Amino acid sequence: MKNKGIMFIVISALCFAVMNLFVKLSGDLPAIQKSFFRNFIAAFIALAILKKSGVGFHIEKKNVPLLLLRAILGTIGIIANFYAVDHLLLSDASIIQKLAPFFVIIFSFLLLKEKVSKQQILSIIIAFIGMLFVVKPSFANSELFASLIAMIGAMSAGMAYTLVRMLSQRGVKGPQIVFYFSLFSCLSVIPYLIFNFQPMTFQQIAYLLLAGIAAAGGQFAVTSAYSHSAGRDISIYDYSQVIFAALLGFIAFGQIPDYLSIIGYFVIFMVTFYMYLQNQRENS
């Protein structure tokens, strides 16, 4: 089960890195407007999967509050992340977002009472230090606010992922979680769009549709990941998005990380590899 969780979390990291790329390519549009398109596509894909699988739409009454909280936090996380992507370098925005696994560990311990080993705590701390090498706490004042928004988004995402696992343990299916989250995210921003919608070019629409497709893939993958494995076992692998973001940023925008960033990438990769070896030993 752990290896399945690892596979899905890495796939989700790639999908979300691609999503951020298309969001940035879509240009100067409000983050809320971008989030609508992202979730609009995901809602339709989830709806199709629900109908095809025969899972159905019924949610037990006791699970509705958790599902609603997951949707609210997920929506906050998306809008915050899109704002960060628009105002920071692609790699910086993605890396700050990778605080989410750190919060998953905390919330999994607090809400699910999942035990965390000393090795896992140490690995998370080292990965967090590696991330600081990349982010470098020396943002200009114009970027400080965007960085704080990105951190709020990471905390919201971490809590949302923990709620996904709680809902999965209660028998709520992945497509149901994705559908109701996407539906809520779309409906909640409609009042803003009615009064603040900005016209878009065909190219911008195409980029946002592609972002929505990538987001749907990432959403289903991350939901499957936390359904198969405990947050403490797989959250470290979510840092692989750092590598994907750096590669995409270089290919699309010619962004080249400095030597401190390269050190950070190396640290994160080594910690991820170490955790993988530990899981392999446990499985054997």
# chains A, B, ... in the order shown; residues from 1 in each chain; ligands from 1

$ closest_atom_pairs --of "range 159-220 of chain A" --to "range 105-118 of chain A" --cutoff "10 Å" --atoms "only C-alpha atoms" --output "tab-separated table"
residue	atom	partner	partner_atom	distance
A:Met159	CA	A:Phe107	CA	6.3
A:Ala160	CA	A:Phe107	CA	9.5
A:Tyr161	CA	A:Phe107	CA	9.2
A:Thr162	CA	A:Ser108	CA	6.0
A:Leu163	CA	A:Leu111	CA	8.8
A:Arg165	CA	A:Ser108	CA	8.8
A:Met166	CA	A:Leu112	CA	7.4

$ residues_around --residues "Tyr83 in chain A" --least-positions-apart "6" --cutoff "9 Å" --atoms "only C-alpha atoms" --output "count of residues only"
6

$ closest_residue --among "A:Val23, A:Leu187, A:Leu209, A:Val134" --to "Val267 in chain A" --atoms "only C-alpha atoms"
A:Val134

$ closest_residue --among "A:Met155, A:Ile76, A:Leu89, A:Ile49" --to "Gln255 in chain A" --atoms "only C-alpha atoms"
A:Leu89

$ atom_distance --atom1 "CA of Phe250 in chain A" --atom2 "CA of Ile268 in chain A"
18.8 Å

$ closest_residue --among "A:Phe36, A:Val104, A:Arg170, A:Gly27" --to "Lys61 in chain A" --atoms "only C-alpha atoms"
A:Arg170

$ closest_residue --among "A:Asn196, A:Ser224, A:Asn81, A:Gln219" --to "Lys24 in chain A" --atoms "only C-alpha atoms"
A:Asn81

$ residues_around --residues "Ser26 in chain A" --least-positions-apart "2" --cutoff "12 Å" --atoms "only C-alpha atoms" --output "PyMOL selection string"
chain A and resi 19-24+28-31+33-35+37-38+82+85-86+200-212

$ residues_around --residues "Ser229 in chain A" --least-positions-apart "4" --cutoff "9 Å" --atoms "only C-alpha atoms" --output "compact mmCIF listing (two decimals) with C-alpha atoms, in the first residue's frame"
# COMPACT_ATOMS: atom_id res chain seq x y z
CA MET A 1 0.00 0.00 0.00
CA LYS A 2 2.85 2.40 0.76
CA ASN A 3 4.40 1.99 -2.68
CA LYS A 4 1.05 2.76 -4.30
CA GLY A 5 0.78 5.88 -2.19
CA ILE A 6 4.31 6.93 -3.19
CA ARG A 165 -7.46 10.62 4.47
CA SER A 224 -5.58 8.14 -4.21
CA ALA A 225 -2.21 8.67 -2.52
CA ASP A 233 4.73 7.71 4.98
CA ILE A 234 4.25 9.55 1.70

$ atom_distance --atom1 "CA of Phe179 in chain A" --atom2 "CA of Phe44 in chain A"
7.9 Å

$ residues_around --residues "Gly74 in chain A" --least-positions-apart "3" --cutoff "8 Å" --atoms "only C-alpha atoms" --output "list in words"
Arg70, Ala71, Gly77, Ile78, Ser156, Ala157, Ala160 and Phe181 of chain A

$ closest_residue --among "A:Gly249, A:Gly171, A:Gly217, A:Gly264" --to "Val55 in chain A" --atoms "only C-alpha atoms"
A:Gly171

$ closest_residue --among "A:Val271, A:Leu99, A:Ala46, A:Ala80" --to "Ala216 in chain A" --atoms "only C-alpha atoms"
A:Ala46

$ residues_around --residues "Ile256 in chain A" --least-positions-apart "2" --cutoff "12 Å" --atoms "only C-alpha atoms" --output "JSON, numbers by chain"
{"A": [89, 90, 91, 92, 134, 245, 246, 247, 248, 249, 250, 251, 252, 253, 254, 258, 259, 260, 261, 262]}

$ write_last_selection --atoms "C-alpha atoms" --output "short mmCIF file (atom, residue, chain, number, x, y, z; two decimals), in the first residue's frame"
data_model
loop_
_atom_site.label_atom_id
_atom_site.label_comp_id
_atom_site.auth_asym_id
_atom_site.auth_seq_id
_atom_site.Cartn_x
_atom_site.Cartn_y
_atom_site.Cartn_z
CA LEU A 89 9.06 32.69 -9.74
CA LEU A 90 7.43 29.42 -10.73
CA SER A 91 9.95 27.37 -8.78
CA ASP A 92 9.71 29.58 -5.67
CA VAL A 134 15.91 27.17 -2.47
CA ALA A 245 8.93 22.95 -11.19
CA ALA A 246 12.61 23.75 -11.68
CA LEU A 247 12.74 21.78 -14.94
CA LEU A 248 9.55 23.34 -16.31
CA GLY A 249 10.64 26.80 -15.25
CA PHE A 250 13.90 26.39 -17.16
CA ILE A 251 12.21 24.96 -20.28
CA ALA A 252 9.40 27.54 -20.45
CA PHE A 253 10.98 30.68 -19.00
CA GLY A 254 14.71 30.05 -19.06
CA ASP A 258 21.49 29.46 -8.38
CA TYR A 259 23.93 27.26 -6.47
CA LEU A 260 21.96 27.52 -3.22
CA SER A 261 18.85 26.27 -4.96
CA ILE A 262 20.80 23.36 -6.44
#

$ atom_distance --atom1 "CA of Leu50 in chain A" --atom2 "CA of Ala230 in chain A"
24.6 Å
